[in-house]
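Engineer: Coordinates in upload.txt, compact mmCIF, C-alpha atoms, are listed below.
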```txt
# COMPACT_ATOMS: atom_id res chain seq x y z
CA MET E 157 -52.42 2.01 -3.58
CA TRP E 158 -50.10 4.42 -5.37
CA PHE E 159 -49.51 8.10 -4.74
CA PRO E 160 -47.87 10.32 -7.36
CA PHE E 161 -45.04 12.51 -6.19
CA TRP E 162 -45.40 14.95 -9.07
CA ARG E 163 -46.83 18.23 -7.81
CA SER E 164 -46.14 21.93 -8.03
CA ARG E 165 -45.74 22.64 -4.30
CA ASP E 166 -42.48 23.97 -2.95
CA ARG E 167 -40.57 20.99 -1.58
CA PHE E 168 -39.63 22.83 1.61
CA SER E 169 -43.02 24.26 2.50
CA LEU E 170 -45.75 23.79 5.05
CA ASP E 171 -48.06 22.73 2.22
CA GLU E 172 -45.67 19.87 1.43
CA LEU E 173 -45.64 18.73 5.06
CA ARG E 174 -49.44 18.96 5.17
CA TYR E 175 -49.75 16.90 1.98
CA LEU E 176 -47.42 14.15 3.18
CA THR E 177 -49.16 13.94 6.55
CA ASP E 178 -52.61 13.77 4.95
CA GLN E 179 -51.50 10.96 2.64
CA LEU E 180 -49.94 8.96 5.47
CA GLN E 181 -53.13 9.25 7.49
CA LYS E 182 -55.07 7.63 4.64
CA ILE E 183 -52.93 4.51 4.58
CA GLN E 184 -54.49 1.46 6.23
CA ILE E 185 -51.72 -1.05 5.57
CA VAL E 186 -48.15 -0.78 4.32
CA ASN E 187 -47.07 -3.40 1.82
CA GLU E 188 -44.95 -3.78 -1.30
CA VAL E 189 -47.45 -1.78 -3.32
CA ASN E 190 -47.21 1.47 -1.37
CA GLN E 191 -43.97 1.07 0.58
CA ASP E 192 -42.01 3.32 -1.79
CA PHE E 193 -44.36 6.21 -1.13
CA VAL E 194 -44.26 5.65 2.63
CA ILE E 195 -40.45 5.49 2.64
CA GLU E 196 -40.17 8.69 0.60
CA ALA E 197 -42.76 10.41 2.79
CA LEU E 198 -40.89 9.52 5.99
CA ARG E 199 -37.60 10.68 4.45
CA SER E 200 -39.14 13.95 3.27
CA ILE E 201 -40.76 14.66 6.62
CA ALA E 202 -37.37 14.33 8.33
CA GLU E 203 -35.94 16.88 5.87
CA LEU E 204 -38.89 19.22 6.33
CA MET E 205 -38.71 19.11 10.13
CA THR E 206 -34.98 19.80 10.06
CA TYR E 207 -35.59 22.72 7.70
CA GLY E 208 -38.47 24.02 9.80
CA ASP E 209 -36.45 23.85 13.02
CA GLN E 210 -33.97 26.28 11.49
CA HIS E 211 -36.30 28.53 9.49
CA ASP E 212 -39.95 28.34 10.51
CA SER E 213 -41.45 27.25 13.85
CA ASN E 214 -44.83 26.66 12.14
CA PHE E 215 -43.48 23.34 10.84
CA PHE E 216 -43.15 21.90 14.31
CA GLU E 217 -46.42 23.48 15.43
CA PHE E 218 -48.11 21.54 12.63
CA PHE E 219 -46.16 18.39 13.59
CA MET E 220 -47.55 18.63 17.13
CA GLU E 221 -51.07 19.62 16.10
CA LYS E 222 -51.44 16.65 13.74
CA GLN E 223 -49.64 14.29 16.14
CA VAL E 224 -47.34 13.13 13.36
CA LEU E 225 -45.14 11.24 15.82
CA GLY E 226 -48.14 9.09 16.70
CA GLU E 227 -48.72 8.62 12.98
CA PHE E 228 -45.18 7.23 12.67
CA VAL E 229 -45.99 4.66 15.35
CA ARG E 230 -49.21 3.71 13.58
CA ILE E 231 -47.35 3.26 10.29
CA LEU E 232 -44.86 0.96 11.99
CA LYS E 233 -47.65 -1.15 13.46
CA ILE E 234 -49.37 -1.67 10.10
CA SER E 235 -46.18 -2.16 8.11
CA ARG E 236 -45.37 -5.52 6.56
CA THR E 237 -41.99 -4.54 5.13
CA LEU E 238 -38.51 -4.27 6.61
CA THR E 239 -37.58 -1.23 4.53
CA VAL E 240 -40.26 0.91 6.19
CA SER E 241 -38.92 0.02 9.64
CA LEU E 242 -35.44 1.00 8.49
CA GLN E 243 -36.61 4.33 7.14
CA LEU E 244 -38.71 5.12 10.20
CA LEU E 245 -35.72 4.56 12.52
CA GLN E 246 -33.54 6.70 10.26
CA THR E 247 -36.18 9.44 10.14
CA MET E 248 -36.42 9.50 13.92
CA SER E 249 -32.64 9.57 14.31
CA ILE E 250 -32.29 12.47 11.86
CA MET E 251 -35.04 14.47 13.53
CA ILE E 252 -33.75 13.95 17.07
CA GLN E 253 -30.16 14.74 16.10
CA ASN E 254 -31.06 17.91 14.20
CA LEU E 255 -33.84 19.45 16.28
CA ARG E 256 -32.30 22.32 18.22
CA ALA E 257 -35.37 23.97 19.72
CA GLU E 258 -35.68 22.93 23.35
CA HIS E 259 -39.47 22.70 23.26
CA ALA E 260 -39.24 20.38 20.24
CA ILE E 261 -37.06 17.87 22.13
CA TYR E 262 -39.36 18.10 25.15
CA TYR E 263 -42.34 17.31 22.93
CA MET E 264 -40.60 14.36 21.28
CA PHE E 265 -39.71 12.85 24.66
CA SER E 266 -42.82 13.81 26.62
CA ASN E 267 -45.12 11.06 25.38
CA GLU E 268 -44.83 7.29 25.26
CA HIS E 269 -44.15 7.14 21.51
CA ILE E 270 -40.37 7.23 21.97
CA ASN E 271 -40.41 4.50 24.60
CA PHE E 272 -42.73 2.47 22.37
CA LEU E 273 -40.20 2.64 19.54
CA ILE E 274 -37.34 1.82 21.92
CA THR E 275 -39.09 -1.32 23.17
CA TYR E 276 -40.69 -2.34 19.86
CA ALA E 277 -40.02 -5.96 18.87
CA PHE E 278 -37.84 -5.33 15.83
CA ASP E 279 -36.23 -8.32 14.18
CA PHE E 280 -32.62 -7.72 15.18
CA ARG E 281 -31.47 -10.77 13.29
CA ASN E 282 -31.23 -8.29 10.44
CA GLU E 283 -27.88 -6.54 10.96
CA GLU E 284 -28.86 -3.40 9.06
CA LEU E 285 -31.97 -2.98 11.19
CA LEU E 286 -29.91 -3.39 14.37
CA SER E 287 -27.48 -0.76 13.11
CA TYR E 288 -30.31 1.74 12.49
CA TYR E 289 -31.83 0.95 15.89
CA ILE E 290 -28.56 1.51 17.73
CA SER E 291 -28.11 4.82 15.93
CA PHE E 292 -31.64 5.74 17.03
CA VAL E 293 -31.05 5.08 20.74
CA ARG E 294 -27.67 6.81 20.54
CA ALA E 295 -29.33 9.88 19.04
CA ILE E 296 -31.80 9.95 21.92
CA SER E 297 -29.03 9.65 24.51
CA GLY E 298 -27.25 12.61 22.92
CA LYS E 299 -30.17 14.86 23.93
CA LEU E 300 -30.25 13.77 27.57
CA ASN E 301 -29.95 16.28 30.38
CA LYS E 302 -31.48 16.58 33.84
CA ASN E 303 -34.74 17.83 32.35
CA THR E 304 -35.16 15.50 29.39
CA ILE E 305 -34.05 12.29 31.10
CA SER E 306 -37.05 12.50 33.44
CA LEU E 307 -39.34 12.26 30.40
CA LEU E 308 -38.00 8.82 29.47
CA VAL E 309 -38.21 7.09 32.85
CA LYS E 310 -41.07 5.80 34.94
CA THR E 311 -41.06 6.54 38.65
CA GLN E 312 -42.83 5.35 41.74
CA ASN E 313 -42.47 7.13 45.08
CA GLU E 314 -39.81 9.34 43.47
CA GLU E 315 -37.69 6.31 42.54
CA VAL E 316 -37.01 5.24 38.96
CA ILE E 317 -38.54 1.83 38.29
CA SER E 318 -38.18 1.71 34.49
CA PHE E 319 -35.76 3.22 32.00
CA PRO E 320 -36.25 1.52 28.60
CA LEU E 321 -33.51 3.47 26.81
CA TYR E 322 -30.83 2.21 29.17
CA ILE E 323 -32.17 -1.33 29.57
CA GLU E 324 -32.59 -1.94 25.84
CA ALA E 325 -29.19 -0.42 25.02
CA ILE E 326 -27.17 -2.59 27.40
CA ARG E 327 -28.71 -5.69 25.84
CA PHE E 328 -26.22 -5.12 23.01
CA ALA E 329 -23.26 -4.05 25.13
CA PHE E 330 -21.28 -7.15 24.22
CA HIS E 331 -22.41 -7.59 20.65
CA GLU E 332 -19.91 -9.10 18.23
CA GLU E 333 -19.89 -5.93 16.10
CA ASN E 334 -17.50 -3.30 17.43
CA MET E 335 -19.68 -0.48 16.04
CA VAL E 336 -22.63 -1.68 18.11
CA ARG E 337 -20.54 -1.99 21.29
CA THR E 338 -19.10 1.49 20.78
CA ALA E 339 -22.55 3.01 20.30
CA VAL E 340 -23.91 1.29 23.41
CA ARG E 341 -20.93 2.58 25.39
CA ALA E 342 -21.78 6.10 24.19
CA VAL E 343 -25.40 5.64 25.32
CA THR E 344 -24.41 4.47 28.80
CA LEU E 345 -21.85 7.25 29.21
CA ASN E 346 -24.43 9.84 28.16
CA VAL E 347 -26.80 8.46 30.80
CA TYR E 348 -24.14 8.53 33.53
CA HIS E 349 -22.99 12.00 32.48
CA VAL E 350 -26.41 13.50 33.27
CA GLY E 351 -25.78 12.82 36.94
CA ASP E 352 -29.41 12.30 37.91
CA GLU E 353 -29.37 10.73 41.37
CA SER E 354 -32.53 8.67 40.96
CA VAL E 355 -31.30 7.30 37.61
CA ASN E 356 -27.91 6.51 39.14
CA ARG E 357 -29.61 4.54 41.92
CA PHE E 358 -31.60 2.65 39.29
CA VAL E 359 -28.59 1.56 37.23
CA VAL E 360 -26.80 0.10 40.26
CA LYS E 361 -29.79 -1.96 41.39
CA ALA E 362 -30.38 -5.58 40.38
CA PRO E 363 -30.81 -6.87 37.78
CA GLN E 364 -29.38 -4.06 35.62
CA ALA E 365 -26.36 -3.72 37.94
CA GLU E 366 -25.10 -7.05 36.56
CA PHE E 367 -24.06 -5.08 33.49
CA PHE E 368 -21.03 -3.75 35.39
CA SER E 369 -19.91 -7.26 36.36
CA TYR E 370 -20.23 -8.41 32.77
CA LEU E 371 -18.36 -5.31 31.64
CA ILE E 372 -15.42 -6.09 33.94
CA ALA E 373 -15.35 -9.70 32.76
CA PHE E 374 -15.44 -8.53 29.14
CA PHE E 375 -12.48 -6.18 29.64
CA GLN E 376 -10.61 -8.89 31.54
CA LYS E 377 -10.99 -11.25 28.60
CA GLN E 378 -9.82 -8.56 26.21
CA CYS E 379 -6.70 -7.99 28.33
CA LEU E 380 -5.94 -11.70 28.42
CA ASP E 381 -6.42 -11.97 24.65
CA LEU E 382 -4.15 -8.98 24.12
CA ASN E 383 -1.51 -10.49 26.40
CA GLU E 384 -1.63 -13.72 24.39
CA LEU E 385 -1.26 -11.84 21.10
CA VAL E 386 1.72 -9.90 22.44
CA SER E 387 3.34 -13.10 23.71
CA GLU E 388 2.89 -14.74 20.32
CA ALA E 389 4.34 -11.68 18.58
CA LEU E 390 7.43 -11.75 20.81
CA LYS E 391 8.03 -15.38 19.92
```
Could you render the structure from this file as structure tokens?
Structural biologist:
Amino acid sequence: MWFPFWRSRDRFSLDELRYLTDQLQKIQIVNEVNQDFVIEALRSIAELMTYGDQHDSNFFEFFMEKQVLGEFVRILKISRTLTVSLQLLQTMSIMIQNLRAEHAIYYMFSNEHINFLITYAFDFRNEELLSYYISFVRAISGKLNKNTISLLVKTQNEEVISFPLYIEAIRFAFHEENMVRTAVRAVTLNVYHVGDESVNRFVVKAPQAEFFSYLIAFFQKQCLDLNELVSEALK
């Protein structure tokens, strides 16, 4: 399946967003034949939503009405190519980082699509994919406050029992790549900075509380390695 990108519509228009959404909805499988269109469509939608957030609220109204976020999830599920996963994560990161309207962030976080993407079984053996994923979770954490954080956790009897953003992020806290470790540290600090009491109780419960023990051990090893390097330098 191939979709031409030549058309007379204004690139930054509601008609363009409507066209891209309609074409994505027609796709039944993403493969090497149509992946270029899908990638360009995802990239363009990110640009259009950023533009609309600053100039025209009708863009996001359309985004909600057509449940485009759910369409992104569907595209990921039927995709057979790595490049589409990369672009989808980048599109989500760009949108979350650039959306300024409070109701837009609430909408993005108020359904299970975000948590689905956070917990999706990406192949993190691919370093580029991991990098895009970490940027994605970091972007989410940058929008956390006492109102939005409640949209990303699951509670029972007023106690947090699940917080995918935090749990998935700390999985990479001691990754060999410094960029990944730094991004995870930013995510955890953004979570702690919110100061939500129920979330704070969650992070200090087992098994996620083991993260702090591992963190101390990691810093201890770094100090010992630094001491050894200094000793060698003095010699």
Engineer: If I take CA of Glu221 (chain E) and CA of Lys233 (chain E), how far is one from the other in Å, to one decimal?
Structural biologist: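 Distance between the two atoms: 21.2 Å.
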Engineer: Report as a PyMOL selection string all protein, DNA and RNA residues lying within 10 Å of Ala342 (chain E), evaluated on only C-alpha atoms, omitting residues in the same chain fewer than 5 positions from it.
Structural biologist: chain E and resi 293-295+297-298+325+336-337+347-348
Engineer: Considering all atoms listed in the file, state which residue in the set E:Leu286, E:Leu180, E:Leu300, E:Val309 is at the smallest distance from Asn267 (chain E).
Structural biologist: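 So, comparing all the options, the nearest one is E:Val309.
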Engineer: Show me, as a ChimeraX atom specification, the residues that have an atom within 12 Å of region 208-217 of chain E when counting only C-alpha atoms, minus same-chain residues fewer than 2 positions from it.
Structural biologist: /E:167-174,177,201-206,219-225,251-261,263-264
Engineer: Select all residues near (-28.5, -2.1, 15.8) (cut-off 12 Å, inclusive, file coordinates), counting all atoms listed in the file, and output them as a PyMOL selection string.
Structural biologist: chain E and resi 242+245-246+274+278-294+324-329+331-340
Engineer: Could you state the separation of CA of Val386 (chain E) and CA of Leu371 (chain E) in Å, given to one decimal place?
Structural biologist: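 About the pair CA of Val386 (chain E) and CA of Leu371 (chain E): they are 22.6 Å apart.
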Engineer: Can you work out the spacing between CA of Gly351 (chain E) and CA of Glu268 (chain E) in Å, to one decimal?
Structural biologist: 23.0 Å
Engineer: Smallest atom-to-atom distance to Ile305 (chain E): which of E:Asn346, E:Thr275, E:Gln378, E:Ser249, using only C-alpha atoms?
Structural biologist: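 Among the listed residues, the smallest separation from Ile305 (chain E) belongs to E:Asn346.
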Engineer: With distances taken over all atoms listed in the file, which residue among E:Asn303, E:Phe358, E:Phe330, E:Tyr175 lies nearest Phe218 (chain E)?
Structural biologist: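 Under the stated criterion, the closest residue is E:Tyr175.
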Engineer: Hey, which of E:Leu244, E:Ile183, E:Leu321, E:Val350 ends up closest to Leu198 (chain E)? Count all atoms listed in the file.
Structural biologist: E:Leu244
Engineer: As AutoDock Vina command-line options, what would the box around region 177-195 of chain E look like: edges along x, y and z, 3 Å added on every side, centre and edge lengths in Å to one decimal?
Structural biologist:
```
--center_x -47.8 --center_y 5.1 --center_z 2.1 --size_x 20.6 --size_y 23.7 --size_z 16.8
```
Engineer: Env of Ser354 (chain E): 12 Å cut, atoms = all atoms listed in the file, seq-sep filter 2 positions within chain, self excluded. Answer as a list in words.
Structural biologist: Lys302, Ile305, Ser306, Val309, Lys310, Thr311, Gln312, Asn313, Glu314, Glu315, Val316, Ile317, Ser318, Phe319, Val347, Tyr348, Val350, Gly351, Asp352, Asn356, Arg357, Phe358, Val359, Val360 and Lys361 of chain E
Engineer: With only C-alpha atoms counted, which protein, DNA or RNA residues have an atom no more than 7 Å from (-40.6, -4.6, 2.1) in the file frame? Please answer as a PDB file with C-alpha atoms, keeping the file's coordinate frame.
Structural biologist:
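Once written, point_28.pdb looks like this:
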```pdb
ATOM      1  CA  ASN E 187     -47.070  -3.400   1.820  1.00  0.00           C
ATOM      2  CA  GLU E 188     -44.950  -3.780  -1.300  1.00  0.00           C
ATOM      3  CA  GLN E 191     -43.970   1.070   0.580  1.00  0.00           C
ATOM      4  CA  ARG E 236     -45.370  -5.520   6.560  1.00  0.00           C
ATOM      5  CA  THR E 237     -41.990  -4.540   5.130  1.00  0.00           C
ATOM      6  CA  LEU E 238     -38.510  -4.270   6.610  1.00  0.00           C
ATOM      7  CA  THR E 239     -37.580  -1.230   4.530  1.00  0.00           C
ATOM      8  CA  VAL E 240     -40.260   0.910   6.190  1.00  0.00           C
TER       9      VAL E 240
END
```
Engineer: Please determine, counting all atoms listed in the file, which residue among E:Ile323, E:Leu307, E:Ile185, E:Leu176 has the shortest atom-to-atom distance to Phe367 (chain E).
Structural biologist: E:Ile323
Engineer: Name the closest residue to Ala277 (chain E) among the candidates E:Thr247, E:Gln376, E:Ser241, E:Thr304; distances are taken between atoms, counting all atoms listed in the file.
Structural biologist: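 Among the listed residues, E:Ser241 lies closest to Ala277 (chain E).
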Engineer: Could you please fill out region 347-375 of chain E with N, CA and C atoms and send it back as an mmCIF file, keeping the file's coordinate frame?
Structural biologist:
```
data_model
loop_
_atom_site.group_PDB
_atom_site.id
_atom_site.type_symbol
_atom_site.label_atom_id
_atom_site.label_comp_id
_atom_site.auth_asym_id
_atom_site.auth_seq_id
_atom_site.Cartn_x
_atom_site.Cartn_y
_atom_site.Cartn_z
ATOM 1 N N VAL E 347 -25.883 8.612 29.660
ATOM 2 C CA VAL E 347 -26.800 8.460 30.800
ATOM 3 C C VAL E 347 -26.080 8.814 32.097
ATOM 4 N N TYR E 348 -24.885 8.269 32.288
ATOM 5 C CA TYR E 348 -24.140 8.530 33.530
ATOM 6 C C TYR E 348 -23.762 10.006 33.634
ATOM 7 N N HIS E 349 -23.461 10.615 32.493
ATOM 8 C CA HIS E 349 -22.990 12.000 32.480
ATOM 9 C C HIS E 349 -24.069 12.973 32.978
ATOM 10 N N VAL E 350 -25.330 12.624 32.810
ATOM 11 C CA VAL E 350 -26.410 13.500 33.270
ATOM 12 C C VAL E 350 -26.306 13.738 34.771
ATOM 13 N N GLY E 351 -25.965 12.681 35.497
ATOM 14 C CA GLY E 351 -25.780 12.820 36.940
ATOM 15 C C GLY E 351 -27.077 12.894 37.732
ATOM 16 N N ASP E 352 -28.138 12.330 37.190
ATOM 17 C CA ASP E 352 -29.410 12.300 37.910
ATOM 18 C C ASP E 352 -29.340 11.237 39.005
ATOM 19 N N GLU E 353 -29.560 11.642 40.242
ATOM 20 C CA GLU E 353 -29.370 10.730 41.370
ATOM 21 C C GLU E 353 -30.312 9.543 41.340
ATOM 22 N N SER E 354 -31.567 9.773 40.988
ATOM 23 C CA SER E 354 -32.530 8.670 40.960
ATOM 24 C C SER E 354 -32.195 7.677 39.848
ATOM 25 N N VAL E 355 -31.716 8.177 38.708
ATOM 26 C CA VAL E 355 -31.300 7.300 37.610
ATOM 27 C C VAL E 355 -30.060 6.517 38.023
ATOM 28 N N ASN E 356 -29.123 7.182 38.684
ATOM 29 C CA ASN E 356 -27.910 6.510 39.140
ATOM 30 C C ASN E 356 -28.232 5.374 40.112
ATOM 31 N N ARG E 357 -29.199 5.607 40.996
ATOM 32 C CA ARG E 357 -29.610 4.540 41.920
ATOM 33 C C ARG E 357 -30.230 3.371 41.155
ATOM 34 N N PHE E 358 -30.965 3.692 40.096
ATOM 35 C CA PHE E 358 -31.600 2.650 39.290
ATOM 36 C C PHE E 358 -30.571 1.761 38.613
ATOM 37 N N VAL E 359 -29.539 2.348 38.010
ATOM 38 C CA VAL E 359 -28.590 1.560 37.230
ATOM 39 C C VAL E 359 -27.713 0.663 38.099
ATOM 40 N N VAL E 360 -27.628 0.948 39.394
ATOM 41 C CA VAL E 360 -26.800 0.100 40.260
ATOM 42 C C VAL E 360 -27.642 -0.904 41.058
ATOM 43 N N LYS E 361 -28.930 -0.958 40.758
ATOM 44 C CA LYS E 361 -29.790 -1.960 41.390
ATOM 45 C C LYS E 361 -29.874 -3.206 40.511
ATOM 46 N N ALA E 362 -30.150 -4.340 41.133
ATOM 47 C CA ALA E 362 -30.380 -5.580 40.380
ATOM 48 C C ALA E 362 -31.706 -5.448 39.628
ATOM 49 N N PRO E 363 -31.825 -6.046 38.441
ATOM 50 C CA PRO E 363 -30.810 -6.870 37.780
ATOM 51 C C PRO E 363 -29.864 -6.100 36.861
ATOM 52 N N GLN E 364 -30.187 -4.797 36.587
ATOM 53 C CA GLN E 364 -29.380 -4.060 35.620
ATOM 54 C C GLN E 364 -27.942 -3.818 36.103
ATOM 55 N N ALA E 365 -27.713 -3.919 37.416
ATOM 56 C CA ALA E 365 -26.360 -3.720 37.940
ATOM 57 C C ALA E 365 -25.408 -4.826 37.468
ATOM 58 N N GLU E 366 -25.951 -5.972 37.056
ATOM 59 C CA GLU E 366 -25.100 -7.050 36.560
ATOM 60 C C GLU E 366 -24.301 -6.628 35.343
ATOM 61 N N PHE E 367 -24.769 -5.595 34.657
ATOM 62 C CA PHE E 367 -24.060 -5.080 33.490
ATOM 63 C C PHE E 367 -22.609 -4.739 33.824
ATOM 64 N N PHE E 368 -22.393 -4.161 35.006
ATOM 65 C CA PHE E 368 -21.030 -3.750 35.390
ATOM 66 C C PHE E 368 -20.134 -4.962 35.609
ATOM 67 N N SER E 369 -20.696 -6.034 36.176
ATOM 68 C CA SER E 369 -19.910 -7.260 36.360
ATOM 69 C C SER E 369 -19.543 -7.864 35.018
ATOM 70 N N TYR E 370 -20.497 -7.890 34.109
ATOM 71 C CA TYR E 370 -20.230 -8.410 32.770
ATOM 72 C C TYR E 370 -19.207 -7.537 32.038
ATOM 73 N N LEU E 371 -19.287 -6.225 32.284
ATOM 74 C CA LEU E 371 -18.360 -5.310 31.640
ATOM 75 C C LEU E 371 -16.922 -5.571 32.102
ATOM 76 N N ILE E 372 -16.749 -5.786 33.398
ATOM 77 C CA ILE E 372 -15.420 -6.090 33.940
ATOM 78 C C ILE E 372 -14.893 -7.393 33.361
ATOM 79 N N ALA E 373 -15.760 -8.405 33.315
ATOM 80 C CA ALA E 373 -15.350 -9.700 32.760
ATOM 81 C C ALA E 373 -14.979 -9.570 31.289
ATOM 82 N N PHE E 374 -15.718 -8.738 30.558
ATOM 83 C CA PHE E 374 -15.440 -8.530 29.140
ATOM 84 C C PHE E 374 -14.072 -7.885 28.949
ATOM 85 N N PHE E 375 -13.781 -6.842 29.739
ATOM 86 C CA PHE E 375 -12.480 -6.180 29.640
ATOM 87 C C PHE E 375 -11.350 -7.099 30.079
#
```
